[in-house]
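Remarks on the structure that follows.
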Amino acid sequence: MGIKKDLSIDFLGVRCENPFFLSSSPVGSNYEMVAKAFESGWGGVYYKTIGIFVADECSPRFDHVKKEGMPWLGFKNMEQISDKPTEVNFDNMYKLKKAYPEKIMVASIMGSNEQEWRQLAKMCDEVGVDLIEGNFSCPQMTSHAMGSDVGTNPDLVRAYSKAVAETTKIPFIAKMTPNITDMCIPAIAAMEGGAKGISAINTVKSITNIDLENMTAMPVVNGKSSISGYSGAAVKPIALRFIAQMLQHEKLRNVPMSGIGGIETWRDSLEFLLLGCRNLQVTTSVMQYGYRIVEDMSNGLMHWMDERGYDKLDDFVGKALDNIIPAEDLNRDFKILPDFDNEKCVGCGRCYVSCFDAGHQAIDWNADKRRPELNEKCVGCHLCLNVCPVADCIMPGEVKWKDGRQQTDIILKKNYE
Amino acid sequence: MSKVIKSTFISEAVEGFTPRTAMEEASRCLLCHDAPCSKGCPAGTDPGKFIRSIRFRNVKGAAETIRENNILGGSCARVCPYDRLCEEACSRCGIDRPIEIGKLQRFAIEQEEALNMTVLKAPEVKKEAKVACVGSGPASLACAAKLAMEGYEVTIYEAEEKAGGVLTYGIAPARLPQHVVDHDIETVKNLGVKFVFNTRVGKDITLEKLQEDYAAIFVGAGLWLEKLPEIPGVELPGVMAAADFLKKARKSEGTYNPGRRVIVIGGGNVAMDSAVSAKLLGAEKVDIYYRRTIEEAPADMAEFQYVLSLGISITTNFAPAEVLGTDKVEAMKFKGRDGESEAKVAVDTVIFAIGQGAEDMGSIAPFALNEKGLIVVDYSCKTSVDGIFAGGDVTLGGKTVVEAVASGKIAAVGMMNYLAQKEVN
Ligand SMILES: Cc1cc2nc3c(=O)[nH]c(=O)nc-3n(C[C@H](O)[C@H](O)[C@H](O)COP(=O)(O)OP(=O)(O)OC[C@H]3O[C@@H](n4cnc5c(N)ncnc54)[C@H](O)[C@@H]3O)c2cc1C
Ligand SMILES: Cc1cc2nc3c(=O)[nH]c(=O)nc-3n(C[C@H](O)[C@H](O)[C@H](O)COP(=O)(O)O)c2cc1C
Ligand code: SF4
Ligand code: SF4
Ligand code: SF4
């Protein structure tokens, strides 16, 4: 029952029944979990990162950021790579691939030197996983020879990618760290070394909260804490930015890209696809809500495709990429004045407060009527529109051209949620 | 001074959610593992799932879930007694107050209408066996929709000129606007279900005749026998039964004049709806009299509160004793439950809402009936007559819309099994 649409897509020569994959993390770290995830509808899994090194974890290891009652805006973790024996993990992947041949198994690996990377790649080859992801990006490893310290060093990224590519024919994806200014540099290095695809992002180095009880950061481990990785909804904007920059780089333009960071709904998923990702990975929202979120991701995406008349993902992957242009190329010849709907307005005065204290004093407050009145100082920044609590109350209105500028047809946004 | 709500017969009692406020409410949902709200819905509408869809910005998916499980999702969203069904079961009660499940359901269905969605489609290939339903109330509509979705061609025979049963001819439009009912019925029509109106089975056409054309028949005739108490004066003009009054009010689309002073007698939801309708139709003074206490009254607390909010009074522990008047009703006499108190109240219209019974079902077919005249059925809604199934109020007694939907769905499954077996033999 319900809507049915084809969500399958080719990623690195592998046909995936849908683009929704679990990213490498505890959400895909043993047989039972991955089996349940597959049954719930996930197209594949990036199995929890495996190394020769077996992690020794701290407790507790999580914290989250909230604002105005909304929890889990962002999520902090202090986990490293798998804490299970390497052979057990490979055995699980082997059995899962046997039991679910149509689902895609991606091994996530991390060595601490070239020899370990080769050794892990060889084990992947023997098990017969579909794809391999190199974790160059965990920001809280207890050794500097692994994780994001490697991911910010293009020479190491190139060398380790090469080590894997020379050992196995299975396509290799390099997972990037956002703890860097220009992600294109390590991504290009990975491709030069023989990687076939890029995934981004891993977690952002963070301190989420300071604990007033113990005078340290959260989470508190025996009165102390560490800087460690931040993920979830709060990092989606950072992920989208890095992905757009990479896919717009001339050397990375057609690189198969896997998007990660704050995906929770079909809308989030679609945004990554529209930038050009052919594969999507999720952890934090699964940690918060469970595998079941994939139901609304796929159903919602199908409904959107149905509404737009699309039959397959390839019809729209990358559609938004070329509309993201350098700031210097934006048309700066006009301003759009906000239009206030006095019927919808509930008279809270928030637009007035924000415009006065943080904008251009362009709203006068009619205290008798309890309504905002726009004056001539408005610059069209739309701070008021962003702050108004009532849907469709403040909307883009009149377009005013700056003196002496060339008037052209312009495209306006009409629907705000 | 209390603030009394001023309204009219056809204006809606409660505003719905906007996309933003719906998201705010859905964000309060705890997204429970084995959602108790879903278990609390008799018709299996699965609120746990559709609220999750709203929460994850998939409103279309939410509408899909509702329609697939409950063809009358729009009407149920307005009239279900949530406070003793899904919302009572809600885990969030343990923190503060339940999720407004009914209102979220209403939102999803309103979006379905606004976005012009067609959620349900009947299969192109039709089954050979044809099926009929008697009555077009919630039970028949649910039964017909489920059968149509499985590829059966279904025809509904209805005595009245419009479909919906109590939805169209009973419940006050302030609580259940006609456009909501019509939209629900439209989804049934879109499945290819045919309607034959103004045709009373047993009078305009016999059931035996239907049996010649249809391999299985569902009877969802509801309770339309008007009950008046056996007290002096009930035959006077100005005295009527609730079903009669409500039907007249609904058919008039708000122009019916109920008289200046109205007394409603009864303590159930039908009494509340009658009082509300009388008030909204313009009666100056509306008073409810009930023979027991509020605690003992079957009406839902939300209904009592709504009645009070309109400025209607409720007097308990007084039972009707006599209707006084010469050419028409002039006053009503009550006797107190204590055996001593008495009251005489001047009035123009008296409406009795003291329960409804089944009409003579034996005249339609030789059904086994119980002592209340209700049709006796087994777990699959099968009656004692071969090939005939029944459900809704005519088997359950006066229950709810959502329970009528549930029983229509069960009957549909029973009928499919029956037809499958018949084919085998
Ligand atoms: C005033 C009132 C208010 C109510 N309020 C609520 C509420 O708020 N919430 C709630 O959940 N429930 C409420 N109920 C109860 C609810 O409406 C019923 O339980 C439900 O409608 C039963 O559905 P049904 O399909 O069994 O019968 P009905 O809705 O009674 O439909 C039966 C249909 O069959 C037709 N019919 C009967 N005999 C024949 C025949 N021989 N041939 C052809 N057609 C025939 C009738 O005309 C009618 O259209 C209320 C009931 C009343 C009367
Ligand atoms: C608890 C936790 C453990 C993680 N472990 C790994 C890991 O072992 N390997 C890896 O490549 N990424 C790991 N990540 C990062 C995620 O795979 C993902 O890149 C990141 O969390 C951003 O996506 P999200 O916002 O959907 O969580 C981990 C993230 C979390 C929250
Ligand atoms: S989530 Fe599970 S493993 Fe973690 S602390 Fe709670 S009970 Fe223990
Ligand atoms: S913020 Fe919106 S609702 Fe509040 S006063 Fe301004 S326009 Fe009105
Ligand atoms: S029981 Fe309440 S909190 Fe739990 S899923 Fe249902 S509506 Fe949400």
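Lettering and numbering for the structure tokens are positional, with chains as A, B, ... in the shown order, residues counted from 1 in each chain, and ligands counted from 1 in the shown order.
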
Inset, instruction - Tell me which protein, DNA and RNA residues are within 6 Å of segment 200-212 of chain A, counting only C-alpha atoms, leaving out same-chain ones fewer than 5 positions away, and put them as a PyMOL selection string. - result: chain A and resi 137+175-178+217-218+227-231+239+259-260

Inset, instruction - Return the neighbours of chain A among the residues of chain B, cut-off 12 Å, counting only C-alpha atoms, as a PyMOL selection string. - result: chain B and resi 17-24+27-33+48-69+115-123+149-150

Filtering to C-alpha atoms, could you give me those residues as an mmCIF file, in the first residue's frame?
data_model
loop_
_atom_site.group_PDB
_atom_site.id
_atom_site.type_symbol
_atom_site.label_atom_id
_atom_site.label_comp_id
_atom_site.auth_asym_id
_atom_site.auth_seq_id
_atom_site.Cartn_x
_atom_site.Cartn_y
_atom_site.Cartn_z
ATOM 1 C CA PHE B 17 -3.626 23.710 13.349
ATOM 2 C CA THR B 18 -1.460 25.566 10.850
ATOM 3 C CA PRO B 19 1.680 23.833 9.532
ATOM 4 C CA ARG B 20 3.712 25.607 12.188
ATOM 5 C CA THR B 21 1.477 24.894 15.154
ATOM 6 C CA ALA B 22 1.030 21.293 13.981
ATOM 7 C CA MET B 23 4.814 20.876 13.998
ATOM 8 C CA GLU B 24 4.995 22.397 17.466
ATOM 9 C CA SER B 27 7.340 17.936 18.483
ATOM 10 C CA ARG B 28 5.771 17.314 21.890
ATOM 11 C CA CYS B 29 5.108 13.711 20.877
ATOM 12 C CA LEU B 30 7.512 11.303 22.562
ATOM 13 C CA LEU B 31 7.572 9.020 19.480
ATOM 14 C CA CYS B 32 6.940 6.046 21.740
ATOM 15 C CA HIS B 33 8.397 2.650 20.899
ATOM 16 C CA GLY B 48 1.859 6.826 16.605
ATOM 17 C CA LYS B 49 2.830 6.465 12.974
ATOM 18 C CA PHE B 50 1.085 9.476 11.467
ATOM 19 C CA ILE B 51 2.330 11.833 14.170
ATOM 20 C CA ARG B 52 5.852 10.569 13.517
ATOM 21 C CA SER B 53 5.355 11.392 9.845
ATOM 22 C CA ILE B 54 4.238 14.929 10.690
ATOM 23 C CA ARG B 55 7.202 15.265 13.040
ATOM 24 C CA PHE B 56 9.553 14.264 10.212
ATOM 25 C CA ARG B 57 7.938 16.720 7.808
ATOM 26 C CA ASN B 58 6.120 14.052 5.811
ATOM 27 C CA VAL B 59 2.546 15.343 5.988
ATOM 28 C CA LYS B 60 1.536 13.454 2.867
ATOM 29 C CA GLY B 61 2.764 10.234 4.444
ATOM 30 C CA ALA B 62 0.659 11.085 7.496
ATOM 31 C CA ALA B 63 -2.487 11.494 5.404
ATOM 32 C CA GLU B 64 -1.673 8.235 3.649
ATOM 33 C CA THR B 65 -1.435 6.338 6.947
ATOM 34 C CA ILE B 66 -4.720 7.778 8.192
ATOM 35 C CA ARG B 67 -6.720 7.067 5.038
ATOM 36 C CA GLU B 68 -5.382 3.574 4.577
ATOM 37 C CA ASN B 69 -6.417 2.655 8.096
ATOM 38 C CA LEU B 115 -2.777 19.484 -1.533
ATOM 39 C CA ASN B 116 -5.376 17.684 -3.648
ATOM 40 C CA MET B 117 -3.951 14.313 -2.764
ATOM 41 C CA THR B 118 -5.503 11.056 -3.855
ATOM 42 C CA VAL B 119 -4.126 8.640 -1.338
ATOM 43 C CA LEU B 120 -6.177 5.554 -2.057
ATOM 44 C CA LYS B 121 -6.602 3.816 -5.348
ATOM 45 C CA ALA B 122 -8.795 0.834 -6.118
ATOM 46 C CA PRO B 123 -7.252 -1.892 -8.280
ATOM 47 C CA MET B 149 -9.654 -1.353 -2.157
ATOM 48 C CA GLU B 150 -9.512 -5.116 -2.570
#

With the cut-off set at 6 Å and counting only C-alpha atoms and all ligand atoms, tabulate each residue of chain B with an atom at most that distance from an atom of ligand 1, showing the nearest atom pair and its distance in Å to one decimal, ordered by chain and increasing number, as a Markdown table.
| residue | atom | partner | partner_atom_place_in_ligand_line | distance |
| --- | --- | --- | --- | --- |
| B:Val79 | CA | ligand 1 | 8 (O) | 4.3 |
| B:Cys80 | CA | ligand 1 | 11 (O) | 4.5 |
| B:Pro81 | CA | ligand 1 | 9 (N) | 5.9 |
| B:Val134 | CA | ligand 1 | 43 (C) | 5.0 |
| B:Gly135 | CA | ligand 1 | 34 (O) | 3.2 |
| B:Ser136 | CA | ligand 1 | 49 (O) | 4.8 |
| B:Gly137 | CA | ligand 1 | 31 (O) | 3.3 |
| B:Pro138 | CA | ligand 1 | 25 (O) | 3.9 |
| B:Ala139 | CA | ligand 1 | 25 (O) | 3.7 |
| B:Ser140 | CA | ligand 1 | 25 (O) | 5.6 |
| B:Tyr157 | CA | ligand 1 | 43 (C) | 5.3 |
| B:Glu158 | CA | ligand 1 | 44 (N) | 3.8 |
| B:Ala159 | CA | ligand 1 | 44 (N) | 4.0 |
| B:Glu160 | CA | ligand 1 | 47 (O) | 5.2 |
| B:Gly164 | CA | ligand 1 | 49 (O) | 5.7 |
| B:Gly165 | CA | ligand 1 | 49 (O) | 3.1 |
| B:Val166 | CA | ligand 1 | 29 (O) | 3.9 |
| B:Gly170 | CA | ligand 1 | 1 (C) | 4.4 |
| B:Ile171 | CA | ligand 1 | 3 (C) | 4.4 |
| B:Thr199 | CA | ligand 1 | 43 (C) | 5.9 |
| B:Arg200 | CA | ligand 1 | 42 (N) | 3.6 |
| B:Val201 | CA | ligand 1 | 42 (N) | 3.8 |
| B:Gly202 | CA | ligand 1 | 41 (N) | 5.7 |
| B:Gly220 | CA | ligand 1 | 26 (O) | 5.1 |
| B:Ala221 | CA | ligand 1 | 37 (C) | 3.7 |
| B:Gly222 | CA | ligand 1 | 27 (O) | 3.4 |
| B:Leu223 | CA | ligand 1 | 30 (O) | 5.4 |
| B:Asn269 | CA | ligand 1 | 3 (C) | 5.5 |
| B:Val270 | CA | ligand 1 | 1 (C) | 3.9 |
| B:Asp273 | CA | ligand 1 | 1 (C) | 5.5 |
| B:Gly392 | CA | ligand 1 | 26 (O) | 3.3 |
| B:Asp393 | CA | ligand 1 | 26 (O) | 3.8 |
| B:Val394 | CA | ligand 1 | 26 (O) | 5.8 |
| B:Gly398 | CA | ligand 1 | 19 (O) | 5.3 |
| B:Lys399 | CA | ligand 1 | 19 (O) | 4.2 |
| B:Thr400 | CA | ligand 1 | 11 (O) | 3.4 |
| B:Val401 | CA | ligand 1 | 11 (O) | 3.9 |
| B:Val402 | CA | ligand 1 | 11 (O) | 5.7 |
| B:Ala404 | CA | ligand 1 | 23 (O) | 5.0 |

File dump, residues just selected, C-alpha atoms, as a short mmCIF file (atom, residue, chain, number, x, y, z; two decimals), in the first residue's frame:
data_model
loop_
_atom_site.label_atom_id
_atom_site.label_comp_id
_atom_site.auth_asym_id
_atom_site.auth_seq_id
_atom_site.Cartn_x
_atom_site.Cartn_y
_atom_site.Cartn_z
CA VAL B 79 -15.93 13.68 16.76
CA CYS B 80 -13.97 10.88 18.38
CA PRO B 81 -14.10 10.88 22.18
CA VAL B 134 -27.45 -1.26 3.38
CA GLY B 135 -27.17 2.24 4.83
CA SER B 136 -24.41 4.76 4.22
CA GLY B 137 -23.35 5.46 7.79
CA PRO B 138 -19.78 5.05 9.07
CA ALA B 139 -20.02 1.26 9.32
CA SER B 140 -21.14 0.79 5.70
CA TYR B 157 -28.34 1.54 -0.72
CA GLU B 158 -29.39 4.48 1.43
CA ALA B 159 -32.90 5.47 2.57
CA GLU B 160 -32.07 9.18 2.78
CA GLY B 164 -23.22 9.73 5.96
CA GLY B 165 -25.88 8.46 8.36
CA VAL B 166 -25.48 10.18 11.73
CA GLY B 170 -27.20 13.80 13.48
CA ILE B 171 -24.04 15.35 14.87
CA THR B 199 -34.08 3.64 -1.36
CA ARG B 200 -35.09 1.96 1.88
CA VAL B 201 -34.21 -1.72 1.87
CA GLY B 202 -37.19 -3.72 3.11
CA GLY B 220 -25.26 -0.99 8.66
CA ALA B 221 -28.68 0.45 9.32
CA GLY B 222 -27.84 2.21 12.60
CA LEU B 223 -30.41 3.09 15.25
CA ASN B 269 -23.93 12.95 23.63
CA VAL B 270 -27.14 13.04 21.62
CA ASP B 273 -25.77 17.78 20.46
CA GLY B 392 -22.05 -0.55 13.51
CA ASP B 393 -24.76 0.64 15.85
CA VAL B 394 -27.30 -1.93 14.62
CA GLY B 398 -25.35 3.23 20.33
CA LYS B 399 -21.57 3.39 20.20
CA THR B 400 -19.17 5.71 18.38
CA VAL B 401 -18.19 6.55 14.82
CA VAL B 402 -14.75 5.03 15.21
CA ALA B 404 -18.62 1.66 13.65
#

Pull the closest atom pair for each residue of chain A that gets at most 8 Å from ligand 2, along with the distance in Å to one decimal, counting only C-alpha atoms and all ligand atoms, ordering rows by chain and then ascending residue number, as a Markdown table.
| residue | atom | partner | partner_atom_place_in_ligand_line | distance |
| --- | --- | --- | --- | --- |
| A:Leu22 | CA | ligand 2 | 17 (O) | 7.9 |
| A:Ser23 | CA | ligand 2 | 17 (O) | 4.4 |
| A:Ser24 | CA | ligand 2 | 17 (O) | 4.3 |
| A:Ser25 | CA | ligand 2 | 5 (N) | 3.6 |
| A:Pro26 | CA | ligand 2 | 3 (C) | 5.7 |
| A:Lys48 | CA | ligand 2 | 8 (O) | 4.9 |
| A:Thr49 | CA | ligand 2 | 8 (O) | 4.3 |
| A:Ile50 | CA | ligand 2 | 8 (O) | 7.6 |
| A:Phe62 | CA | ligand 2 | 1 (C) | 7.4 |
| A:Phe75 | CA | ligand 2 | 31 (C) | 6.7 |
| A:Lys76 | CA | ligand 2 | 31 (C) | 6.6 |
| A:Asn77 | CA | ligand 2 | 1 (C) | 5.0 |
| A:Met78 | CA | ligand 2 | 1 (C) | 7.0 |
| A:Glu79 | CA | ligand 2 | 3 (C) | 5.3 |
| A:Gln80 | CA | ligand 2 | 8 (O) | 5.8 |
| A:Ile81 | CA | ligand 2 | 8 (O) | 4.2 |
| A:Ser82 | CA | ligand 2 | 8 (O) | 6.2 |
| A:Ser108 | CA | ligand 2 | 11 (O) | 6.5 |
| A:Glu133 | CA | ligand 2 | 11 (O) | 7.9 |
| A:Gly134 | CA | ligand 2 | 11 (O) | 7.6 |
| A:Asn135 | CA | ligand 2 | 11 (O) | 4.8 |
| A:Phe136 | CA | ligand 2 | 11 (O) | 7.6 |
| A:Ser137 | CA | ligand 2 | 11 (O) | 6.6 |
| A:Cys138 | CA | ligand 2 | 12 (N) | 6.1 |
| A:Lys175 | CA | ligand 2 | 11 (O) | 6.8 |
| A:Ala200 | CA | ligand 2 | 19 (O) | 6.9 |
| A:Ile201 | CA | ligand 2 | 19 (O) | 5.3 |
| A:Asn202 | CA | ligand 2 | 19 (O) | 3.5 |
| A:Thr203 | CA | ligand 2 | 20 (C) | 4.9 |
| A:Gly229 | CA | ligand 2 | 29 (C) | 7.3 |
| A:Tyr230 | CA | ligand 2 | 21 (O) | 7.0 |
| A:Ser231 | CA | ligand 2 | 25 (O) | 4.2 |
| A:Gly232 | CA | ligand 2 | 25 (O) | 3.4 |
| A:Ala233 | CA | ligand 2 | 25 (O) | 6.2 |
| A:Ala234 | CA | ligand 2 | 25 (O) | 7.9 |
| A:Val235 | CA | ligand 2 | 25 (O) | 6.4 |
| A:Lys236 | CA | ligand 2 | 25 (O) | 6.9 |
| A:Ile260 | CA | ligand 2 | 23 (O) | 4.9 |
| A:Gly261 | CA | ligand 2 | 25 (O) | 3.6 |
| A:Gly262 | CA | ligand 2 | 25 (O) | 3.5 |
| A:Ile263 | CA | ligand 2 | 26 (O) | 5.3 |
| A:Glu264 | CA | ligand 2 | 26 (O) | 7.5 |
| A:Gln281 | CA | ligand 2 | 26 (O) | 6.3 |
| A:Val282 | CA | ligand 2 | 26 (O) | 3.7 |
| A:Thr283 | CA | ligand 2 | 27 (O) | 3.8 |
| A:Thr284 | CA | ligand 2 | 27 (O) | 3.6 |
| A:Ser285 | CA | ligand 2 | 26 (O) | 6.2 |
| A:Val286 | CA | ligand 2 | 26 (O) | 7.8 |
| A:Met287 | CA | ligand 2 | 31 (C) | 7.7 |

Legend entry - Selection near Glu322 of chain B, 6 Å with only C-alpha atoms, sequence-local residues under 5 positions removed, as a ChimeraX atom specification: /B:231-232,333

Inset, instruction - Return as a ChimeraX atom specification the full set of residues in segment 158-382 of chain B whose backbone-based DSSP assignment is strand (DSSP E). - result: /B:194-196,216-219,239-241,261-265,285-290,313-316,318-325,329-336,342-346,349-352

Legend entry - Every residue of segment 171-270 of chain A that DSSP places in helix (DSSP H, G or I), as a count of residues only: 31

Inset, instruction - Could you check how far atom CA of Asn279 of chain A sits from atom CA of Pro256 of chain A, in Å to one decimal? - result: 8.3 Å

If you count only C-alpha atoms, which residues fall within 12 Å of Ala271 of chain B, apart from same-chain ones fewer than 4 positions away, as a compact mmCIF listing (two decimals) with N, CA, C and O atoms, in the first residue's frame?
# COMPACT_ATOMS: atom_id res chain seq x y z
N GLY B 170 -27.13 13.79 12.03
CA GLY B 170 -27.20 13.80 13.48
C GLY B 170 -26.29 14.82 14.14
O GLY B 170 -26.75 15.86 14.60
N ILE B 171 -25.02 14.55 14.12
CA ILE B 171 -24.04 15.35 14.87
C ILE B 171 -24.09 16.82 14.44
O ILE B 171 -24.17 17.13 13.26
N ALA B 172 -24.04 17.71 15.42
CA ALA B 172 -24.15 19.15 15.12
C ALA B 172 -23.01 19.60 14.23
O ALA B 172 -21.86 19.25 14.46
N ALA B 241 -38.52 13.68 19.28
CA ALA B 241 -37.36 12.86 19.61
C ALA B 241 -36.13 13.52 19.00
O ALA B 241 -36.22 14.20 17.97
N ALA B 242 -34.96 13.29 19.65
CA ALA B 242 -33.73 13.96 19.23
C ALA B 242 -33.38 13.67 17.77
O ALA B 242 -33.03 14.58 17.02
N ALA B 243 -33.50 12.41 17.37
CA ALA B 243 -33.10 12.03 16.01
C ALA B 243 -33.89 12.85 14.99
O ALA B 243 -33.33 13.36 14.01
N PHE B 245 -35.45 15.77 15.52
CA PHE B 245 -35.06 17.18 15.62
C PHE B 245 -33.73 17.44 14.88
O PHE B 245 -33.61 18.38 14.09
N LEU B 246 -32.75 16.57 15.17
CA LEU B 246 -31.42 16.80 14.57
C LEU B 246 -31.46 16.67 13.05
O LEU B 246 -30.82 17.43 12.33
N VAL B 262 -36.25 26.05 24.89
CA VAL B 262 -36.12 24.63 24.55
C VAL B 262 -35.64 23.85 25.77
O VAL B 262 -34.74 24.29 26.49
N ILE B 263 -36.27 22.70 26.00
CA ILE B 263 -35.79 21.79 27.04
C ILE B 263 -35.34 20.51 26.35
O ILE B 263 -36.05 19.96 25.50
N VAL B 264 -34.11 20.08 26.69
CA VAL B 264 -33.61 18.81 26.17
C VAL B 264 -33.54 17.85 27.34
O VAL B 264 -33.01 18.20 28.41
N ILE B 265 -34.05 16.65 27.15
CA ILE B 265 -34.05 15.69 28.24
C ILE B 265 -33.15 14.51 27.89
O ILE B 265 -33.33 13.86 26.86
N GLY B 266 -32.12 14.30 28.72
CA GLY B 266 -31.18 13.21 28.49
C GLY B 266 -29.80 13.60 28.97
O GLY B 266 -29.53 14.78 29.23
N GLY B 267 -28.88 12.62 29.06
CA GLY B 267 -27.54 12.90 29.58
C GLY B 267 -26.44 12.32 28.71
O GLY B 267 -25.30 12.20 29.14
N ALA B 275 -29.00 20.01 22.38
CA ALA B 275 -29.01 21.29 23.08
C ALA B 275 -28.15 22.31 22.33
O ALA B 275 -28.55 23.46 22.11
N VAL B 276 -26.97 21.85 21.89
CA VAL B 276 -26.07 22.74 21.15
C VAL B 276 -26.76 23.21 19.88
O VAL B 276 -26.76 24.41 19.55
N SER B 277 -27.38 22.27 19.17
CA SER B 277 -28.02 22.64 17.91
C SER B 277 -29.14 23.65 18.15
O SER B 277 -29.26 24.64 17.44
N ALA B 278 -29.97 23.41 19.18
CA ALA B 278 -31.07 24.32 19.48
C ALA B 278 -30.53 25.72 19.76
O ALA B 278 -31.04 26.72 19.27
N VAL B 286 -31.95 27.51 26.51
CA VAL B 286 -31.88 26.06 26.33
C VAL B 286 -31.45 25.44 27.65
O VAL B 286 -30.44 25.86 28.24
N ASP B 287 -32.22 24.48 28.14
CA ASP B 287 -31.89 23.83 29.41
C ASP B 287 -31.91 22.32 29.22
O ASP B 287 -32.82 21.78 28.59
N ILE B 288 -30.89 21.66 29.80
CA ILE B 288 -30.85 20.20 29.75
C ILE B 288 -31.33 19.67 31.11
O ILE B 288 -30.91 20.19 32.15
N TYR B 289 -32.20 18.68 31.08
CA TYR B 289 -32.61 18.00 32.32
C TYR B 289 -32.20 16.54 32.22
O TYR B 289 -32.45 15.88 31.21
N TYR B 290 -31.55 16.06 33.29
CA TYR B 290 -31.09 14.67 33.29
C TYR B 290 -31.52 14.02 34.60
O TYR B 290 -31.42 14.64 35.66
N ALA B 297 -23.67 10.35 33.94
CA ALA B 297 -24.11 10.65 32.57
C ALA B 297 -23.15 10.06 31.54
O ALA B 297 -21.93 10.10 31.73
N PRO B 298 -23.67 9.49 30.47
CA PRO B 298 -22.80 8.89 29.45
C PRO B 298 -22.08 9.92 28.56
O PRO B 298 -21.11 9.56 27.90
N ALA B 299 -22.51 11.17 28.55
CA ALA B 299 -21.87 12.15 27.65
C ALA B 299 -20.42 12.39 28.09
O ALA B 299 -20.08 12.24 29.26
N ASP B 300 -19.58 12.75 27.13
CA ASP B 300 -18.18 13.01 27.45
C ASP B 300 -18.04 14.38 28.11
O ASP B 300 -18.79 15.30 27.83
N GLU B 303 -17.99 17.33 25.96
CA GLU B 303 -19.30 17.75 25.48
C GLU B 303 -19.99 18.63 26.51
O GLU B 303 -20.59 19.66 26.18
N PHE B 304 -19.92 18.20 27.79
CA PHE B 304 -20.52 19.02 28.86
C PHE B 304 -19.89 20.41 28.86
O PHE B 304 -20.57 21.43 29.00
N VAL B 307 -21.12 22.49 26.00
CA VAL B 307 -22.49 22.92 26.26
C VAL B 307 -22.50 24.12 27.21
O VAL B 307 -23.16 25.13 26.97
N ILE B 312 -25.62 27.06 28.07
CA ILE B 312 -26.76 26.14 28.27
C ILE B 312 -26.68 25.61 29.70
O ILE B 312 -25.60 25.32 30.20
N ILE B 314 -27.55 22.87 32.87
CA ILE B 314 -27.79 21.44 33.05
C ILE B 314 -28.36 21.23 34.45
O ILE B 314 -27.74 21.64 35.44
N VAL B 350 -39.86 20.64 23.46
CA VAL B 350 -39.24 19.62 24.32
C VAL B 350 -38.63 18.55 23.43
O VAL B 350 -39.29 18.01 22.54
N ILE B 351 -37.32 18.29 23.64
CA ILE B 351 -36.63 17.28 22.83
C ILE B 351 -36.20 16.13 23.73
O ILE B 351 -35.47 16.35 24.70
N PHE B 352 -36.67 14.94 23.42
CA PHE B 352 -36.27 13.77 24.21
C PHE B 352 -35.08 13.08 23.57
O PHE B 352 -35.15 12.64 22.41
N ALA B 353 -33.97 13.03 24.31
CA ALA B 353 -32.78 12.32 23.83
C ALA B 353 -32.49 11.22 24.84
O ALA B 353 -31.54 11.28 25.60
N ILE B 354 -33.39 10.25 24.88
CA ILE B 354 -33.30 9.22 25.92
C ILE B 354 -32.97 7.87 25.30
O ILE B 354 -33.41 6.83 25.75
N GLY B 355 -32.15 7.92 24.26
CA GLY B 355 -31.70 6.66 23.65
C GLY B 355 -32.48 6.35 22.40
O GLY B 355 -33.62 6.76 22.24
N GLN B 356 -31.78 5.67 21.49
CA GLN B 356 -32.43 5.28 20.24
C GLN B 356 -32.37 3.77 20.10
O GLN B 356 -31.44 3.14 20.60

Inset, instruction - Taking only C-alpha atoms and all ligand atoms into account, report as number ranges by chain which residues have an atom no farther than 10 Å from an atom of ligand 5. - result: B: 25-40, 46-52, 86-95, 97-102, 104

Inset, instruction - Can you pull out every residue within 10 Å of Ala368 of chain B, counting only C-alpha atoms, but drop anything in the same chain fewer than 5 positions away, and send it as a ChimeraX atom specification? - result: /B:361-362,373-377,383-385

Legend entry - Interatomic distance (Å, one decimal) between atom CA of Val413 of chain B and atom CA of Lys126 of chain B: 16.8 Å
